[in-house]
file target-v3.cif (mmCIF, C-alpha atoms)
data_coords
#
loop_
_atom_site.label_atom_id
_atom_site.label_comp_id
_atom_site.auth_asym_id
_atom_site.auth_seq_id
_atom_site.Cartn_x
_atom_site.Cartn_y
_atom_site.Cartn_z
CA MET A 563 -81.37 -130.73 117.35
CA THR A 564 -78.48 -128.82 115.87
CA LYS A 565 -76.34 -126.74 118.20
CA HIS A 566 -75.42 -123.38 116.76
CA ARG A 567 -72.91 -120.87 118.01
CA ASP A 568 -74.05 -118.23 120.44
CA LEU A 569 -75.29 -115.00 118.89
CA THR A 570 -73.21 -111.87 119.16
CA ASP A 571 -74.55 -108.91 121.12
CA ASP A 572 -75.17 -107.07 117.83
CA GLU A 573 -77.15 -110.01 116.42
CA VAL A 574 -79.28 -110.23 119.55
CA ALA A 575 -79.86 -106.46 119.42
CA ALA A 576 -80.92 -106.69 115.76
CA LEU A 577 -83.40 -109.49 116.52
CA GLN A 578 -84.78 -107.63 119.52
CA ALA A 579 -85.15 -104.42 117.51
CA PHE A 580 -86.95 -106.26 114.69
CA ALA A 581 -89.23 -108.05 117.15
CA ALA A 582 -90.06 -104.79 118.91
CA ALA A 583 -90.77 -103.01 115.62
CA HIS A 584 -93.01 -105.80 114.28
CA LYS A 585 -94.50 -107.28 117.43
CA ARG A 586 -97.91 -105.67 117.08
CA LYS A 587 -98.05 -104.90 113.38
CA ALA A 588 -97.20 -108.14 111.56
CA ASP A 589 -98.55 -108.12 108.01
CA ARG A 590 -101.57 -110.36 108.50
CA SER A 591 -102.67 -109.79 104.90
CA ARG A 592 -99.64 -111.88 103.93
CA GLY A 593 -100.24 -114.57 106.52
CA CYS A 594 -97.88 -113.21 109.17
CA ASP A 595 -99.09 -113.77 112.71
CA ASN A 596 -96.00 -112.54 114.57
CA TRP A 597 -92.58 -110.97 114.16
CA ARG A 598 -90.95 -114.32 113.31
CA ASP A 599 -93.40 -114.84 110.43
CA GLU A 600 -92.74 -111.28 109.24
CA LEU A 601 -88.96 -111.77 109.29
CA SER A 602 -89.08 -115.19 107.67
CA MET A 603 -91.85 -114.79 105.08
CA ILE A 604 -91.46 -111.14 104.09
CA TYR A 605 -87.79 -110.31 104.59
CA TRP A 606 -85.87 -113.57 104.38
CA TYR A 607 -87.98 -115.33 101.74
CA ASN A 608 -87.91 -112.28 99.47
CA ALA A 609 -84.27 -111.42 100.26
CA ARG A 610 -85.25 -108.00 101.60
CA ILE A 611 -82.95 -106.17 103.94
CA TRP A 612 -84.72 -104.58 106.91
CA ILE A 613 -83.81 -100.96 107.57
CA GLY A 614 -83.58 -100.90 111.36
CA PRO A 615 -82.84 -98.16 113.85
CA VAL A 616 -79.08 -98.82 113.56
CA PRO A 617 -77.37 -99.18 110.17
CA GLY A 618 -76.42 -102.77 109.41
CA MET A 619 -79.07 -104.50 111.52
CA GLY A 620 -80.87 -105.83 108.46
CA THR A 621 -77.64 -107.22 107.07
CA LEU A 622 -76.97 -108.99 110.38
CA LEU A 623 -80.45 -110.55 110.26
CA HIS A 624 -79.94 -111.74 106.70
CA GLY A 625 -76.59 -113.21 107.71
CA LEU A 626 -78.32 -115.22 110.45
CA ARG A 627 -80.67 -116.69 107.86
CA ASN A 628 -77.75 -117.61 105.60
CA GLU A 629 -75.74 -119.15 108.44
CA PHE A 630 -78.42 -120.96 110.43
CA GLY A 631 -81.22 -121.47 107.92
CA PRO A 632 -84.80 -120.26 108.13
CA THR A 633 -86.12 -122.98 110.46
CA TRP A 634 -83.67 -121.86 113.17
CA LEU A 635 -85.82 -118.77 113.71
CA TYR A 636 -88.75 -120.92 114.88
CA ASP A 637 -86.98 -123.92 116.38
CA GLU A 638 -83.99 -122.47 118.23
CA CYS A 639 -84.07 -118.69 118.35
CA LYS A 640 -84.74 -117.62 121.94
CA LEU A 641 -84.43 -113.93 122.68
CA PRO A 642 -83.48 -112.78 126.14
CA LYS A 643 -85.94 -110.44 127.81
CA SER A 644 -85.02 -106.86 127.00
CA SER A 645 -84.51 -104.65 129.98
#
call {"tool": "encode", "arguments": {"input": "target-v3.cif", "output": "structure tokens"}}
result
Amino acid sequence: MTKHRDLTDDEVAALQAFAAAHKRKADRSRGCDNWRDELSMIYWYNARIWIGPVPGMGTLLHGLRNEFGPTWLYDECKLPKSS
């Protein structure tokens, strides 16, 4: 298993915001069963930038894909519980 750097607070916030926004409404018509599928198959695969609640969140998410690779999202990405 590859060890990646720790995520910044802004990166964690972007992932949490995306997960919260897509948790219950993943695009099942495109084979997405959860927020990770939605991020990976719809946004990252198609190079789309998500427009989140804070400007720049989508760019941060795309940067994570470029730095860590798409499998990281499933294999190593663990979000802390939001409070």
call {"tool": "resolve_selection", "arguments": {"input": "target-v3.cif", "expression": "the PyMOL selection byres ((chain A and resi 624-637) around 7)", "output": "mmCIF file with C-alpha atoms, keeping the file's coordinate frame"}}
result
data_model
loop_
_atom_site.group_PDB
_atom_site.id
_atom_site.type_symbol
_atom_site.label_atom_id
_atom_site.label_comp_id
_atom_site.auth_asym_id
_atom_site.auth_seq_id
_atom_site.Cartn_x
_atom_site.Cartn_y
_atom_site.Cartn_z
ATOM 1 C CA ARG A 598 -90.950 -114.320 113.310
ATOM 2 C CA SER A 602 -89.080 -115.190 107.670
ATOM 3 C CA TRP A 606 -85.870 -113.570 104.380
ATOM 4 C CA ILE A 611 -82.950 -106.170 103.940
ATOM 5 C CA GLY A 620 -80.870 -105.830 108.460
ATOM 6 C CA THR A 621 -77.640 -107.220 107.070
ATOM 7 C CA LEU A 622 -76.970 -108.990 110.380
ATOM 8 C CA LEU A 623 -80.450 -110.550 110.260
ATOM 9 C CA GLU A 638 -83.990 -122.470 118.230
ATOM 10 C CA CYS A 639 -84.070 -118.690 118.350
#
call {"tool": "closest_residue", "arguments": {"input": "target-v3.cif", "among": "A:His566, A:Glu573, A:Asn596, A:Lys640", "to": "Gly618 of chain A", "atoms": "all atoms listed in the file"}}
result
A:Glu573
call {"tool": "atom_distance", "arguments": {"input": "target-v3.cif", "atom1": "atom CA of Trp597 of chain A", "atom2": "atom CA of Asp571 of chain A"}}
result
19.4 Å
call {"tool": "closest_residue", "arguments": {"input": "target-v3.cif", "among": "A:Met619, A:Arg610, A:Lys643, A:Met603", "to": "Leu577 of chain A", "atoms": "all atoms listed in the file"}}
result
A:Met619
call {"tool": "resolve_selection", "arguments": {"input": "target-v3.cif", "expression": "the PyMOL selection byres ((chain A and resi 579) around 12)", "output": "MDAnalysis selection string"}}
result
chainID A and resid 572:578 580:585 597 601 612:617 619:620 622:623 641 643:644
